[in-house]
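data_34.txt (compact mmCIF, C-alpha atoms) appears below.
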# COMPACT_ATOMS: atom_id res chain seq x y z
CA MET A 1 28.38 -19.15 -6.06
CA ARG A 2 28.00 -15.62 -4.79
CA LEU A 3 25.89 -12.99 -6.51
CA ARG A 4 25.63 -9.33 -5.73
CA ILE A 5 22.36 -7.62 -6.61
CA VAL A 6 22.48 -3.83 -6.64
CA VAL A 7 19.09 -2.12 -6.43
CA THR A 8 18.87 1.60 -7.10
CA LEU A 9 15.98 4.02 -7.36
CA LYS A 10 15.06 4.96 -10.89
CA PRO A 11 16.08 8.44 -11.98
CA GLY A 12 13.51 10.97 -10.84
CA VAL A 13 12.12 8.86 -7.99
CA LEU A 14 12.32 10.88 -4.80
CA ASP A 15 15.11 9.65 -2.54
CA PRO A 16 14.69 11.36 0.83
CA GLN A 17 17.32 9.09 2.36
CA GLY A 18 19.86 10.14 -0.25
CA ARG A 19 18.89 13.73 0.28
CA ALA A 20 19.41 13.45 4.05
CA ILE A 21 22.79 11.78 3.51
CA HIS A 22 23.73 14.54 1.08
CA HIS A 23 22.77 17.14 3.66
CA ALA A 24 24.81 15.36 6.35
CA LEU A 25 27.87 15.25 4.08
CA GLY A 26 27.47 19.01 3.64
CA SER A 27 27.29 19.41 7.42
CA LEU A 28 30.62 17.58 7.68
CA GLY A 29 32.15 20.11 5.32
CA PHE A 30 32.19 17.98 2.15
CA ASP A 31 31.07 20.70 -0.19
CA GLY A 32 31.88 19.10 -3.54
CA VAL A 33 29.06 16.53 -3.45
CA THR A 34 26.39 17.44 -5.99
CA ASP A 35 24.02 14.49 -5.46
CA VAL A 36 23.56 11.35 -3.37
CA ARG A 37 21.29 8.42 -4.26
CA ALA A 38 20.90 5.63 -1.72
CA GLY A 39 20.40 2.05 -2.87
CA LYS A 40 20.48 -1.52 -1.60
CA LEU A 41 22.99 -4.31 -1.97
CA PHE A 42 22.03 -7.99 -1.61
CA GLU A 43 24.64 -10.73 -1.47
CA LEU A 44 23.16 -14.10 -2.41
CA GLU A 45 24.83 -17.46 -2.02
CA VAL A 46 23.25 -19.65 -4.70
CA ALA A 47 23.82 -23.10 -6.14
CA ASP A 48 26.49 -23.25 -8.85
CA GLY A 49 24.89 -23.14 -12.24
CA THR A 50 21.90 -21.07 -11.18
CA ASP A 51 20.87 -19.60 -14.50
CA ASP A 52 20.50 -15.94 -15.37
CA ALA A 53 16.77 -16.22 -15.97
CA THR A 54 16.19 -17.52 -12.44
CA VAL A 55 18.25 -14.73 -10.89
CA ASP A 56 16.43 -12.20 -13.01
CA ARG A 57 13.11 -13.53 -11.73
CA MET A 58 14.31 -13.23 -8.13
CA CYS A 59 15.01 -9.57 -8.81
CA ARG A 60 11.74 -8.82 -10.57
CA GLU A 61 9.52 -10.83 -8.23
CA LEU A 62 10.99 -9.71 -4.92
CA LEU A 63 14.33 -7.96 -4.57
CA ALA A 64 13.41 -4.92 -6.67
CA ASN A 65 10.11 -3.15 -7.19
CA THR A 66 10.47 -2.28 -10.85
CA VAL A 67 7.90 0.49 -10.56
CA ILE A 68 10.48 2.54 -8.69
CA GLU A 69 13.75 0.63 -8.82
CA ASN A 70 16.36 -0.68 -11.24
CA TYR A 71 18.58 -3.65 -10.49
CA ARG A 72 21.96 -4.92 -11.60
CA ILE A 73 23.27 -8.45 -11.16
CA GLU A 74 26.98 -8.92 -10.50
CA ARG A 75 28.54 -12.37 -10.51
CA ALA A 76 31.53 -12.69 -8.20
CA MET B 1 -21.92 -10.08 5.28
CA LYS B 2 -19.08 -12.39 6.32
CA THR B 3 -15.70 -10.71 6.25
CA ALA B 4 -12.08 -11.64 6.77
CA VAL B 5 -9.19 -9.58 8.12
CA ILE B 6 -5.71 -10.72 7.14
CA VAL B 7 -3.14 -10.70 9.94
CA PHE B 8 0.59 -10.53 9.26
CA PRO B 9 3.39 -10.50 11.81
CA GLY B 10 3.59 -6.78 12.56
CA SER B 11 0.00 -5.88 11.66
CA ASN B 12 -1.33 -3.46 14.27
CA CYS B 13 -4.61 -2.14 12.85
CA ASP B 14 -6.19 -5.57 12.39
CA ARG B 15 -8.24 -5.19 15.58
CA ASP B 16 -9.44 -1.69 14.60
CA LEU B 17 -10.60 -3.01 11.24
CA ALA B 18 -12.30 -5.97 12.89
CA VAL B 19 -14.16 -3.69 15.32
CA ALA B 20 -15.32 -1.42 12.50
CA LEU B 21 -16.47 -4.38 10.40
CA GLU B 22 -18.28 -5.99 13.32
CA GLN B 23 -20.03 -2.75 14.26
CA VAL B 24 -21.27 -2.16 10.75
CA THR B 25 -22.02 -5.71 9.61
CA GLY B 26 -23.09 -7.17 12.96
CA THR B 27 -20.87 -10.17 12.32
CA ARG B 28 -17.42 -10.66 13.78
CA PRO B 29 -14.82 -10.96 11.01
CA GLN B 30 -12.66 -14.03 10.69
CA MET B 31 -9.03 -13.20 11.39
CA VAL B 32 -6.85 -14.99 8.84
CA TRP B 33 -3.18 -15.59 9.64
CA HIS B 34 -0.69 -14.91 6.84
CA ALA B 35 0.41 -18.54 6.64
CA GLU B 36 -3.05 -19.74 5.58
CA THR B 37 -3.29 -20.84 1.97
CA SER B 38 -7.00 -20.20 1.50
CA LEU B 39 -9.70 -17.78 2.59
CA PRO B 40 -12.68 -18.83 4.73
CA ASP B 41 -15.71 -19.92 2.68
CA GLY B 42 -18.35 -17.38 1.87
CA VAL B 43 -16.58 -14.15 2.78
CA GLY B 44 -17.89 -11.08 0.99
CA LEU B 45 -14.95 -8.84 1.79
CA VAL B 46 -11.27 -9.24 2.62
CA ALA B 47 -9.57 -6.43 4.52
CA VAL B 48 -5.80 -6.02 4.61
CA PRO B 49 -4.92 -3.95 7.68
CA GLY B 50 -2.38 -1.31 8.54
CA GLY B 51 0.75 -1.86 10.54
CA PHE B 52 4.34 -2.77 9.86
CA SER B 53 4.08 -6.23 8.36
CA TYR B 54 7.39 -8.06 8.61
CA GLY B 55 8.91 -4.93 10.10
CA ASP B 56 8.70 -3.16 6.73
CA TYR B 57 11.75 -5.24 5.73
CA LEU B 58 12.90 -4.86 2.11
CA ARG B 59 10.07 -2.40 1.25
CA SER B 60 6.83 -1.63 3.07
CA GLY B 61 4.43 -4.47 2.28
CA ALA B 62 6.90 -6.38 0.11
CA ILE B 63 7.27 -9.53 2.19
CA ALA B 64 3.60 -9.62 3.17
CA ALA B 65 2.62 -9.42 -0.49
CA ARG B 66 4.48 -12.72 -1.10
CA SER B 67 2.98 -14.54 1.90
CA PRO B 68 0.85 -17.65 1.28
CA VAL B 69 -2.48 -16.03 2.12
CA MET B 70 -1.91 -13.23 -0.37
CA ARG B 71 -1.91 -15.72 -3.23
CA ALA B 72 -5.43 -16.63 -2.18
CA VAL B 73 -6.36 -12.93 -1.85
CA VAL B 74 -5.03 -12.14 -5.33
CA ASP B 75 -6.92 -15.08 -6.84
CA ALA B 76 -10.14 -14.03 -5.10
CA ALA B 77 -9.71 -10.37 -6.10
CA GLU B 78 -9.23 -11.38 -9.71
CA LYS B 79 -12.55 -13.23 -9.50
CA GLY B 80 -14.23 -10.06 -8.23
CA LEU B 81 -14.17 -10.39 -4.42
CA PRO B 82 -14.03 -6.92 -2.79
CA VAL B 83 -10.65 -6.31 -1.16
CA LEU B 84 -9.88 -3.28 1.02
CA GLY B 85 -6.29 -2.38 1.90
CA VAL B 86 -5.67 0.33 4.46
CA CYS B 87 -2.29 1.98 5.01
CA ASN B 88 0.19 -0.92 5.13
CA GLY B 89 -2.61 -2.87 3.46
CA PHE B 90 -2.49 -0.44 0.53
CA GLN B 91 1.28 -0.96 0.33
CA VAL B 92 0.72 -4.74 0.37
CA LEU B 93 -1.83 -4.50 -2.47
CA THR B 94 0.54 -2.48 -4.68
CA GLU B 95 3.39 -4.89 -3.94
CA ALA B 96 1.08 -7.81 -4.76
CA GLY B 97 0.26 -6.23 -8.12
CA LEU B 98 -3.45 -5.74 -7.37
CA LEU B 99 -3.01 -1.99 -7.67
CA PRO B 100 -0.55 -0.10 -9.89
CA GLY B 101 2.25 2.16 -8.68
CA ALA B 102 4.15 2.17 -5.41
CA LEU B 103 4.21 3.95 -2.05
CA ILE B 104 7.51 5.46 -1.05
CA ARG B 105 8.86 7.54 1.85
CA ASN B 106 6.86 10.71 2.55
CA ALA B 107 8.31 13.68 0.72
CA GLY B 108 8.72 15.60 3.98
CA LEU B 109 10.61 12.62 5.48
CA ASN B 110 8.43 12.74 8.61
CA PHE B 111 5.95 10.18 9.83
CA VAL B 112 2.59 11.94 9.39
CA CYS B 113 -0.03 11.22 12.05
CA ARG B 114 -3.08 13.50 12.03
CA ASP B 115 -6.60 13.96 10.72
CA VAL B 116 -6.60 15.05 7.09
CA PRO B 117 -9.37 16.27 4.81
CA LEU B 118 -10.03 14.04 1.80
CA THR B 119 -12.01 14.86 -1.30
CA VAL B 120 -14.24 12.07 -2.59
CA GLU B 121 -13.41 11.68 -6.27
CA ASN B 122 -15.42 8.60 -7.15
CA ALA B 123 -18.75 7.84 -5.52
CA GLN B 124 -19.67 4.96 -7.84
CA SER B 125 -17.70 2.10 -6.31
CA ALA B 126 -18.88 -0.42 -3.73
CA PHE B 127 -16.54 1.31 -1.27
CA THR B 128 -17.64 4.88 -1.91
CA SER B 129 -21.32 4.73 -2.85
CA ARG B 130 -22.40 6.31 0.46
CA TYR B 131 -20.35 9.44 -0.26
CA ARG B 132 -21.07 12.31 -2.60
CA ILE B 133 -18.62 13.18 -5.32
CA GLY B 134 -16.65 16.28 -4.35
CA GLU B 135 -17.54 15.86 -0.67
CA THR B 136 -14.80 16.59 1.89
CA ILE B 137 -14.42 14.04 4.68
CA MET B 138 -12.03 13.92 7.64
CA VAL B 139 -10.07 10.71 8.12
CA PRO B 140 -6.83 10.14 10.06
CA VAL B 141 -3.54 9.16 8.47
CA ALA B 142 -0.58 7.58 10.26
CA HIS B 143 2.22 6.61 7.92
CA HIS B 144 5.80 7.09 6.86
CA ASP B 145 5.58 5.61 3.37
CA GLY B 146 2.43 7.09 1.85
CA ASN B 147 3.91 8.98 -1.06
CA TYR B 148 2.20 7.47 -4.10
CA VAL B 149 4.25 7.22 -7.28
CA ALA B 150 3.45 5.89 -10.73
CA ASP B 151 4.67 6.77 -14.20
CA ALA B 152 2.94 9.57 -16.09
CA GLU B 153 1.10 7.17 -18.40
CA THR B 154 -0.31 5.20 -15.46
CA LEU B 155 -1.39 8.37 -13.66
CA ALA B 156 -3.15 9.62 -16.78
CA ARG B 157 -4.95 6.29 -17.13
CA LEU B 158 -6.00 6.24 -13.46
CA GLU B 159 -7.36 9.75 -13.69
CA GLY B 160 -9.05 9.11 -17.03
CA GLU B 161 -10.77 5.97 -15.73
CA GLY B 162 -11.93 7.65 -12.51
CA ARG B 163 -9.93 5.26 -10.38
CA VAL B 164 -8.81 7.84 -7.83
CA ALA B 165 -11.34 7.24 -5.05
CA PHE B 166 -9.99 9.76 -2.54
CA ARG B 167 -7.61 12.67 -2.90
CA TYR B 168 -5.91 14.68 -0.15
CA ALA B 169 -7.59 18.08 -0.09
CA ALA B 170 -4.16 19.56 0.68
CA PRO B 171 -0.74 17.93 0.20
CA VAL B 172 0.12 15.44 2.97
CA ASN B 173 3.02 13.28 1.86
CA GLY B 174 4.05 14.23 -1.66
CA SER B 175 1.71 11.76 -3.39
CA ALA B 176 1.37 12.16 -7.14
CA ASN B 177 -1.84 14.09 -7.85
CA ASP B 178 -2.46 13.99 -4.06
CA ILE B 179 -3.78 10.44 -4.46
CA ALA B 180 -4.96 9.04 -1.12
CA GLY B 181 -7.03 6.08 -2.30
CA LEU B 182 -7.09 4.08 -5.50
CA LEU B 183 -9.37 1.53 -7.16
CA ASN B 184 -8.36 -1.32 -9.45
CA ASP B 185 -9.73 -1.39 -12.98
CA ALA B 186 -12.67 -3.61 -12.05
CA GLY B 187 -13.51 -1.45 -9.03
CA ASN B 188 -13.49 -4.32 -6.51
CA VAL B 189 -10.12 -3.47 -4.91
CA LEU B 190 -9.52 -0.27 -2.96
CA GLY B 191 -6.22 0.74 -1.41
CA MET B 192 -6.02 3.85 0.74
CA MET B 193 -3.49 5.34 3.13
CA PRO B 194 -6.02 7.05 5.47
CA HIS B 195 -7.73 4.90 8.11
CA PRO B 196 -11.54 4.84 7.72
CA GLU B 197 -11.74 2.27 10.54
CA ARG B 198 -10.46 4.91 12.96
CA ARG B 199 -13.34 7.25 12.19
CA ILE B 200 -16.56 5.31 12.63
CA GLU B 201 -18.23 6.81 15.73
CA SER B 202 -18.47 10.12 17.56
CA ALA B 203 -15.96 8.96 20.18
CA HIS B 204 -13.41 8.97 17.33
CA GLY B 205 -14.16 12.63 16.65
CA GLY B 206 -16.41 11.81 13.73
CA ASP B 207 -17.79 8.98 11.66
CA ASP B 208 -16.78 9.88 8.11
CA GLY B 209 -15.12 6.49 7.72
CA ARG B 210 -18.22 4.54 8.66
CA ARG B 211 -19.99 5.08 5.36
CA LEU B 212 -17.24 3.22 3.54
CA PHE B 213 -18.14 0.05 5.47
CA GLU B 214 -21.87 0.75 5.20
CA GLY B 215 -21.53 1.09 1.44
CA LEU B 216 -19.72 -2.23 1.27
CA LEU B 217 -22.39 -3.91 3.36
CA GLU B 218 -25.06 -2.55 1.03
CA ALA B 219 -23.16 -3.59 -2.11
CA VAL B 220 -22.19 -7.05 -0.93
CA GLY B 221 -25.26 -7.78 1.18

Rendering of file as structure tokens:
Amino acid sequence: MRLRIVVTLKPGVLDPQGRAIHHALGSLGFDGVTDVRAGKLFELEVADGTDDATVDRMCRELLANTVIENYRIERA
Amino acid sequence: MKTAVIVFPGSNCDRDLAVALEQVTGTRPQMVWHAETSLPDGVGLVAVPGGFSYGDYLRSGAIAARSPVMRAVVDAAEKGLPVLGVCNGFQVLTEAGLLPGALIRNAGLNFVCRDVPLTVENAQSAFTSRYRIGETIMVPVAHHDGNYVADAETLARLEGEGRVAFRYAAPVNGSANDIAGLLNDAGNVLGMMPHPERRIESAHGGDDGRRLFEGLLEAVG
């Protein structure tokens, strides 16, 4: 079973990477972009039947730092 | 005082810390590889060094914080053993939950590598007893992810409890409240981005970092 974990910075947490990407898009002439936030995507292959609580613990204990990041679990 | 320096794959300030500790304590520290599951008997201080543990994969300090030896460090810290984390070591201690908040990319995006003035904010701890409150000391920084963040409630608590040990005298990396070094609530864990071990003798351009180790030696014995 494949899971996708999307980790994004919480609103208000400085995202210099997103800011640099935003700037580069502007340099390429894409003027309509008002904001860019960079995040991370993890694709996990896990045993069928892995329960939600276990996946949630993986996110909280390692994949995301919940001081600065939010996470979303997507089941394929 | 017997001391231990933790070594992760990618640590690169472990030797500097070991030299500083040996010079001040007169005893060579035990270097403890990350895969160990326990600390050497009788150590009075554990130091977590700077570097790029595990290549800064995932987040700076994140993988190191989950390594076997860190479980032993967390257990010992919770029982009161002094633990010092410098630079990447500070990042490891926040990721391990020994210190609140997180360290993210410097606000200016650049790696900052220079001597910076720090203001001593707390001179009561085992780490800072040889300094005077309000004193300005010069200590080098060398980091890319030193921008300290925590929510407003946490920051207010840290300030109210006097847990900011060192503050940048002028902004360096965007850190909230210019926090450069932070104590845990019991005062036995210090994390700091600047490198006191790189400022312990005149050949380093000054010895403002030396008193941190001398204070520890005095406190721990």

- Would you mind listing what lies within 8 Å of region 123-128 of chain B as a list of chain:residue names, with only C-alpha atoms counted and same-chain residues fewer than 4 positions away left out? B:Arg132, B:Ile133, B:Ala165, B:Gly187, B:Asn188, B:Leu190, B:Arg211, B:Leu212, B:Phe213, B:Gly215, B:Leu216, B:Ala219, B:Val220

Wanna dump the region 126-168 of chain B-region 109-114 of chain B contacts at 12 Å for me, each residue with its shortest atom pair and the distance in Å to one decimal, counting all atoms listed in the file, ordered by chain and number, as CSV?
residue,atom,partner,partner_atom,distance
B:Met138,CA,B:Arg114,CA,10.0
B:Val139,CA,B:Arg114,CA,8.5
B:Pro140,CA,B:Arg114,CA,5.4
B:Val141,CA,B:Cys113,CA,5.4
B:Ala142,CA,B:Cys113,CA,4.1
B:His143,CA,B:Phe111,CA,5.5
B:His144,CA,B:Phe111,CA,4.3
B:Asp145,CA,B:Phe111,CA,7.9
B:Gly146,CA,B:Val112,CA,9.0
B:Asn147,CA,B:Leu109,CA,10.0

- All residues 9 Å or closer to Ala18 (chain B), only C-alpha atoms, same chain fewer than 6 positions away omitted, as a list in words: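 The residues satisfying every condition are Thr3, Ala4, Val5, Arg28, Pro29, Gln30, Met31, Ala47 and Glu197 of chain B.
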
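Of the listed residues B:Gly160, B:Gly89, B:Pro82, B:Gly205, the one whose atoms come nearest to Ala186 (chain B) is B:Pro82, with distances taken using only C-alpha atoms.
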
Define the interface residues of chain B facing chain A as those within 8 Å, counting only C-alpha atoms, and report them as a short mmCIF file (atom, residue, chain, number, x, y, z; two decimals) with C-alpha atoms, keeping the file's coordinate frame.
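What landed in result-v2.cif:
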data_model
loop_
_atom_site.label_atom_id
_atom_site.label_comp_id
_atom_site.auth_asym_id
_atom_site.auth_seq_id
_atom_site.Cartn_x
_atom_site.Cartn_y
_atom_site.Cartn_z
CA LEU B 58 12.90 -4.86 2.11
CA ALA B 62 6.90 -6.38 0.11
CA GLU B 95 3.39 -4.89 -3.94
CA GLY B 101 2.25 2.16 -8.68
CA ALA B 102 4.15 2.17 -5.41
CA ARG B 105 8.86 7.54 1.85
CA ALA B 107 8.31 13.68 0.72
CA GLY B 108 8.72 15.60 3.98
CA LEU B 109 10.61 12.62 5.48
CA VAL B 149 4.25 7.22 -7.28
CA ALA B 150 3.45 5.89 -10.73
CA ASP B 151 4.67 6.77 -14.20
#

- For CA of Val73 (chain B) and CA of Leu39 (chain B), the interatomic separation in Å (one decimal): 7.4 Å

- Query: What is the distance, in Å and to one decimal place, between CA of Val46 (chain A) and CA of Val7 (chain A)?
  - Reply: 18.1 Å

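Put simply, CA of Ile5 (chain A) is 11.4 Å away from CA of Arg60 (chain A).
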
- What lies within 8 Å of region 198-201 of chain B using all atoms listed in the file, ignoring chain neighbours under 5 positions off, as a ChimeraX atom specification? /B:16,20,139-140,206-210

- Task: With a distance cut-off of 7 Å and all atoms listed in the file, select the neighbouring residues of Gly18 (chain A), excluding the residue or stretch itself and same-chain residues fewer than 3 positions from it, and output the selection as a list of chain:residue names.
- Result: A:Asp15, A:Ile21, A:His22, A:Val36, A:Arg37, A:Ala38

Next, dump the selected residues to file, keeping only C-alpha atoms, as a PDB file, in the coordinates of the input.
ATOM      1  CA  ASP A  15      15.110   9.650  -2.540  1.00  0.00           C
ATOM      2  CA  ILE A  21      22.790  11.780   3.510  1.00  0.00           C
ATOM      3  CA  HIS A  22      23.730  14.540   1.080  1.00  0.00           C
ATOM      4  CA  VAL A  36      23.560  11.350  -3.370  1.00  0.00           C
ATOM      5  CA  ARG A  37      21.290   8.420  -4.260  1.00  0.00           C
ATOM      6  CA  ALA A  38      20.900   5.630  -1.720  1.00  0.00           C
TER       7      ALA A  38
END

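Distance annotation: of B:Gly55, B:Pro100, B:Pro49, B:Gly221, the residue with the minimal separation from Val32 (chain B) is B:Pro49; atom set is only C-alpha atoms.
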
- Counting only C-alpha atoms, the residue of A:Asp35, A:Gly29, A:Arg72, A:Gly12 that sits nearest Met58 (chain A):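 Closest residue, counting only C-alpha atoms: A:Arg72.
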
- Given all atoms listed in the file as the counted atoms, nearest of A:Glu74, A:Asp56, A:Gly26, A:Glu69 to Leu3 (chain A): A:Glu74
